[in-house]
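The next block is data11.txt, given as compact mmCIF, C-alpha atoms and all ligand atoms.
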```
# COMPACT_ATOMS: atom_id res chain seq x y z
CA MET N 1194 -5.95 -7.26 14.00
CA SER N 1195 -3.06 -4.94 13.43
CA LEU N 1196 -2.20 -1.94 11.33
CA ARG N 1197 0.10 -2.61 8.37
CA GLU N 1198 2.63 -0.15 7.00
CA ILE N 1199 1.52 1.33 3.67
CA VAL N 1200 4.01 0.93 0.80
CA LEU N 1201 4.72 4.25 -0.89
CA TRP N 1202 5.25 4.86 -4.61
CA PRO N 1203 7.70 4.38 -6.38
CA ASP N 1204 8.30 1.17 -4.41
CA PRO N 1205 8.78 -1.59 -7.06
CA ARG N 1206 6.12 -3.76 -5.37
CA LEU N 1207 3.53 -1.26 -6.68
CA GLY N 1208 4.63 -2.15 -10.23
CA THR N 1209 4.41 -5.91 -9.78
CA VAL N 1210 1.59 -8.24 -10.88
CA CYS N 1211 0.17 -10.10 -7.86
CA ALA N 1212 -0.38 -13.84 -7.59
CA GLU N 1213 -3.77 -15.58 -7.32
CA VAL N 1214 -4.80 -16.69 -3.82
CA ALA N 1215 -4.65 -20.50 -3.86
CA ALA N 1216 -7.03 -21.08 -0.94
CA VAL N 1217 -9.03 -18.86 1.41
CA GLY N 1218 -8.03 -19.62 5.01
CA PRO N 1219 -7.03 -17.96 8.30
CA GLU N 1220 -4.00 -16.30 6.71
CA ILE N 1221 -6.12 -14.46 4.12
CA GLU N 1222 -8.79 -13.66 6.74
CA THR N 1223 -6.14 -12.00 8.93
CA LEU N 1224 -4.67 -10.12 5.98
CA ALA N 1225 -8.14 -8.84 4.98
CA ALA N 1226 -8.94 -7.75 8.56
CA ASP N 1227 -5.59 -5.96 8.85
CA MET N 1228 -6.10 -4.28 5.48
CA LEU N 1229 -9.55 -3.00 6.49
CA GLU N 1230 -8.18 -1.65 9.77
CA THR N 1231 -5.31 0.01 7.90
CA MET N 1232 -7.69 1.46 5.29
CA TYR N 1233 -10.07 2.96 7.87
CA ALA N 1234 -7.15 4.39 9.88
CA ALA N 1235 -5.44 5.96 6.84
CA PRO N 1236 -8.28 7.06 6.19
CA GLY N 1237 -9.15 5.65 2.77
CA ARG N 1238 -11.94 3.93 0.85
CA GLY N 1239 -9.92 1.16 -0.76
CA LEU N 1240 -6.65 -0.69 -0.21
CA ALA N 1241 -4.94 -3.43 -2.21
CA ALA N 1242 -2.66 -6.14 -0.78
CA PRO N 1243 0.53 -4.94 -2.57
CA GLN N 1244 0.01 -1.59 -0.79
CA VAL N 1245 0.84 -3.42 2.45
CA GLY N 1246 3.58 -5.47 0.78
CA GLU N 1247 1.54 -8.68 0.29
CA MET N 1248 1.80 -9.72 -3.35
CA VAL N 1249 -1.55 -11.52 -3.62
CA ARG N 1250 -4.77 -10.71 -5.48
CA VAL N 1251 -6.79 -9.26 -2.58
CA PHE N 1252 -8.27 -5.81 -2.06
CA VAL N 1253 -10.68 -4.26 0.41
CA MET N 1254 -13.15 -1.45 -0.15
CA ASP N 1255 -15.75 0.58 1.69
CA ALA N 1256 -16.76 3.21 -0.85
CA ALA N 1257 -19.21 5.18 1.33
CA TRP N 1258 -18.20 4.75 4.98
CA LYS N 1259 -17.27 8.43 5.30
CA GLU N 1260 -20.90 9.33 4.47
CA GLY N 1261 -22.73 6.61 6.39
CA THR N 1262 -22.59 3.18 7.97
CA PRO N 1263 -19.43 1.15 7.34
CA ALA N 1264 -19.94 -1.67 4.82
CA PRO N 1265 -16.55 -3.37 4.43
CA MET N 1266 -16.03 -5.60 1.39
CA VAL N 1267 -13.19 -8.04 0.75
CA PHE N 1268 -12.35 -9.08 -2.82
CA ILE N 1269 -10.20 -12.18 -3.34
CA ASN N 1270 -9.08 -13.11 -6.89
CA PRO N 1271 -11.34 -10.45 -8.46
CA VAL N 1272 -12.06 -10.65 -12.19
CA LEU N 1273 -13.46 -7.85 -14.35
CA GLU N 1274 -16.39 -9.56 -16.09
CA ALA N 1275 -17.90 -6.60 -17.97
CA ARG N 1276 -17.42 -2.88 -18.44
CA SER N 1277 -19.58 -0.12 -19.91
CA VAL N 1278 -18.55 1.64 -23.11
CA ASP N 1279 -19.18 5.07 -21.60
CA LEU N 1280 -16.35 6.50 -19.55
CA VAL N 1281 -16.40 8.84 -16.57
CA THR N 1282 -13.52 10.85 -15.15
CA THR N 1283 -12.97 10.70 -11.40
CA SER N 1284 -10.42 12.57 -9.28
CA GLU N 1285 -8.59 9.70 -7.61
CA GLY N 1286 -6.25 9.76 -4.66
CA CYS N 1287 -4.09 6.82 -3.62
CA LEU N 1288 -2.84 5.94 -0.13
CA SER N 1289 0.49 4.95 -1.73
CA ILE N 1290 0.85 8.30 -3.53
CA PRO N 1291 -0.17 10.71 -0.74
CA GLY N 1292 -0.87 14.29 -1.74
CA VAL N 1293 -1.40 13.55 -5.44
CA VAL N 1294 -4.92 13.53 -6.90
CA THR N 1295 -5.18 12.54 -10.57
CA ASP N 1296 -8.12 12.63 -12.98
CA VAL N 1297 -8.58 9.15 -14.42
CA ALA N 1298 -11.12 8.21 -17.12
CA ARG N 1299 -12.59 4.73 -16.65
CA PRO N 1300 -15.73 2.78 -17.63
CA ALA N 1301 -18.69 4.22 -15.69
CA GLU N 1302 -20.04 0.76 -14.80
CA VAL N 1303 -18.25 -2.53 -14.27
CA THR N 1304 -19.21 -6.03 -13.20
CA LEU N 1305 -16.78 -7.91 -10.98
CA SER N 1306 -16.68 -11.48 -9.77
CA TRP N 1307 -14.58 -12.44 -6.76
CA THR N 1308 -14.22 -14.85 -3.86
CA ASN N 1309 -15.33 -13.55 -0.46
CA VAL N 1310 -13.75 -14.37 2.93
CA GLN N 1311 -16.19 -17.28 3.36
CA GLY N 1312 -14.66 -18.78 0.20
CA ALA N 1313 -17.78 -18.25 -1.94
CA ARG N 1314 -17.68 -16.80 -5.42
CA GLN N 1315 -19.93 -13.76 -5.99
CA THR N 1316 -20.71 -11.29 -8.74
CA GLN N 1317 -21.86 -7.68 -8.52
CA ALA N 1318 -22.20 -4.61 -10.72
CA PHE N 1319 -20.72 -1.30 -9.56
CA SER N 1320 -21.41 2.26 -10.64
CA GLY N 1321 -20.55 5.75 -9.42
CA PHE N 1322 -17.58 6.13 -7.09
CA ALA N 1323 -17.52 2.40 -6.27
CA ALA N 1324 -16.92 1.60 -9.97
CA ALA N 1325 -13.83 3.84 -10.05
CA CYS N 1326 -12.68 2.43 -6.72
CA VAL N 1327 -12.82 -1.26 -7.70
CA GLN N 1328 -11.00 -0.51 -10.98
CA HIS N 1329 -8.34 1.49 -9.11
CA GLU N 1330 -7.77 -1.41 -6.69
CA LEU N 1331 -7.81 -4.00 -9.49
CA ASP N 1332 -5.08 -1.95 -11.20
CA HIS N 1333 -2.90 -2.33 -8.09
CA LEU N 1334 -3.15 -6.14 -8.39
CA ASP N 1335 -1.82 -5.80 -11.96
CA GLY N 1336 1.04 -3.52 -10.94
CA MET N 1337 -0.60 -0.30 -12.12
CA VAL N 1338 -1.14 3.01 -10.32
CA THR N 1339 -3.12 6.14 -11.22
CA LEU N 1340 -0.01 7.74 -12.75
CA ASP N 1341 0.11 4.99 -15.37
CA HIS N 1342 -3.18 6.33 -16.81
CA LEU N 1343 -1.81 9.83 -17.44
CA SER N 1344 -0.31 11.35 -20.55
CA ALA N 1345 3.47 11.80 -20.40
CA GLU N 1346 2.99 15.51 -19.75
CA ALA N 1347 0.39 15.07 -16.98
CA ARG N 1348 2.48 12.34 -15.40
CA GLU N 1349 5.57 14.55 -15.31
CA GLU N 1350 3.52 17.26 -13.58
CA ALA N 1351 2.07 14.78 -11.04
CA GLU N 1352 5.51 13.32 -10.32
CA ARG N 1353 6.90 16.82 -9.83
CA ARG N 1354 4.15 17.63 -7.30
CA TYR N 1355 4.81 14.32 -5.50
CA ALA N 1356 8.57 14.96 -5.37
CA GLU N 1357 7.96 18.44 -3.96
CA ALA N 1358 5.69 17.06 -1.25
CA HIS N 1359 7.95 14.14 -0.33
CA GLY N 1360 11.39 15.23 -1.56
ZN ZN E 1401 -4.21 3.24 -4.87
```
With the file now loaded, output its structure as structure tokens.
Ligand code: ZN
Amino acid sequence: MSLREIVLWPDPRLGTVCAEVAAVGPEIETLAADMLETMYAAPGRGLAAPQVGEMVRVFVMDAAWKEGTPAPMVFINPVLEARSVDLVTTSEGCLSIPGVVTDVARPAEVTLSWTNVQGARQTQAFSGFAAACVQHELDHLDGMVTLDHLSAEAREEAERRYAEAHG
């Protein structure tokens, strides 16, 4: 395993729609292992492939490792199958936009299907922080970041804070 360099916004790769993974094999297994190592080292709770410059539909998540036992999950070709009508606002950070936390309103519960590293398709419902996390990572695979959810005014403010921190 090895650490990957994290792509920082506004790198154009963060605005690009990622391609489906054609087949799960050693290459994807290595990518997933590297992404988990990079996520834990950052430290973060989720990381999408385009954030390490790999333009494929893969993300990793461990929503609660900071509070307990690590439970790494790898999502290959994830699909949003269902979402609740009720929304919840979560303060979201992003490893590609360090120093900027944005309030994003999203469905409180979602159901995802995806392929795991063994190549099997699985389905699970997520709520709480994990629901926000999987939607945040899914956004990355579609070329979207937290800033894309903000009003023009809020986005300008967030971009100003980011520029100040990284100018
Ligand atoms: Zn992110």
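A distance search around ligand ZN 1401 (chain E) (8 Å at most, all atoms listed in the file) returns the following protein and nucleic acid residues: N:Gly1239, N:Leu1240, N:Ala1241, N:Gln1244, N:Gly1286, N:Cys1287, N:Leu1288, N:Ser1289, N:Ile1290, N:His1329, N:Glu1330, N:His1333, N:Val1338, N:Thr1339.
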### Summary
Taken to one decimal, the CA of Trp1258 (chain N)-CA of Arg1314 (chain N) distance is 23.9 Å
### Task
Could you please determine the separation between CA of Cys1326 (chain N) and CA of Val1245 (chain N) in Å, to one decimal place?
17.4 Å
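Shortest separation to Arg1348 (chain N) among N:Thr1295, N:Ile1269, N:Leu1196, N:Ser1306 occurs at residue N:Thr1295, atoms counted being all atoms listed in the file.
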### Task
Could you give me, as JSON, numbers by chain, the residues that sit within 12 Å of (-23.3, -3.6, -14.7) in the file's coordinates, counting all atoms listed in the file?
{"N": [1273, 1274, 1275, 1276, 1277, 1278, 1279, 1300, 1301, 1302, 1303, 1304, 1305, 1306, 1316, 1317, 1318, 1319, 1320, 1321, 1323, 1324]}
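Using only C-alpha atoms, the smallest distance between any of N:Val1281, N:Ala1256, N:Ile1221, N:Ala1226 and Arg1299 (chain N) comes from N:Val1281.
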Tell me, counting all atoms listed in the file, for each residue of region 1262-1327 of chain N within 8 Å of region 1355-1359 of chain N, which pair of atoms is nearest and how far apart they are in Å to one decimal, in rows ordered by chain and increasing number, as JSON lines.
```
{"residue": "N:Ile1290", "atom": "CA", "partner": "N:Tyr1355", "partner_atom": "CA", "distance": 7.5}
{"residue": "N:Pro1291", "atom": "CA", "partner": "N:Tyr1355", "partner_atom": "CA", "distance": 7.8}
{"residue": "N:Gly1292", "atom": "CA", "partner": "N:Tyr1355", "partner_atom": "CA", "distance": 6.8}
{"residue": "N:Val1293", "atom": "CA", "partner": "N:Tyr1355", "partner_atom": "CA", "distance": 6.3}
```
### Atom pair CA of Asp1227 (chain N) / CA of His1342 (chain N): separation (Å)
28.6 Å
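Closest approach to Ala1212 (chain N) among N:Leu1343, N:Val1200, N:Met1248, N:Ala1242 is made by N:Met1248 (distances from all atoms listed in the file).
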### Query
If you count all atoms listed in the file, which residues fall within 10 Å of Ser1195 (chain N), apart from same-chain ones fewer than 4 positions away, as a list of chain:residue names?
N:Thr1223, N:Leu1224, N:Ala1226, N:Asp1227, N:Met1228, N:Leu1229, N:Glu1230, N:Thr1231
### Message
Considering all atoms listed in the file, can you say which of N:Val1297, N:Asp1341, N:Leu1280, N:Pro1263 comes closest to Met1232 (chain N)?
### Response
N:Pro1263
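If you measure from each of N:Pro1205, N:Gly1336, N:Gly1312, N:Pro1236 to Asp1255 (chain N) using only C-alpha atoms, the closest one turns out to be N:Pro1236.
Distances to Phe1268 (chain N) were evaluated for N:Asp1296, N:Val1214, N:Glu1247, N:Ala1235 using all atoms listed in the file, and the minimum falls at N:Val1214.
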### Query
Can you tell me, as a ChimeraX atom specification, which residues sit within 6 Å of (-4.2, -11.8, -4.6) in the file's frame, using all atoms listed in the file?
/N:1211-1214,1249-1251,1270
Let me know the centre plus edge lengths, in Å and rounded to one decimal, of a box with edges along x, y and z that contains all listed atoms of region 1344-1356 of chain N and is padded by 8 Å on every side, as lines of an AutoDock Vina configuration file.
```
center_x = 4.1
center_y = 14.5
center_z = -13.0
size_x = 24.9
size_y = 22.3
size_z = 31.2
```
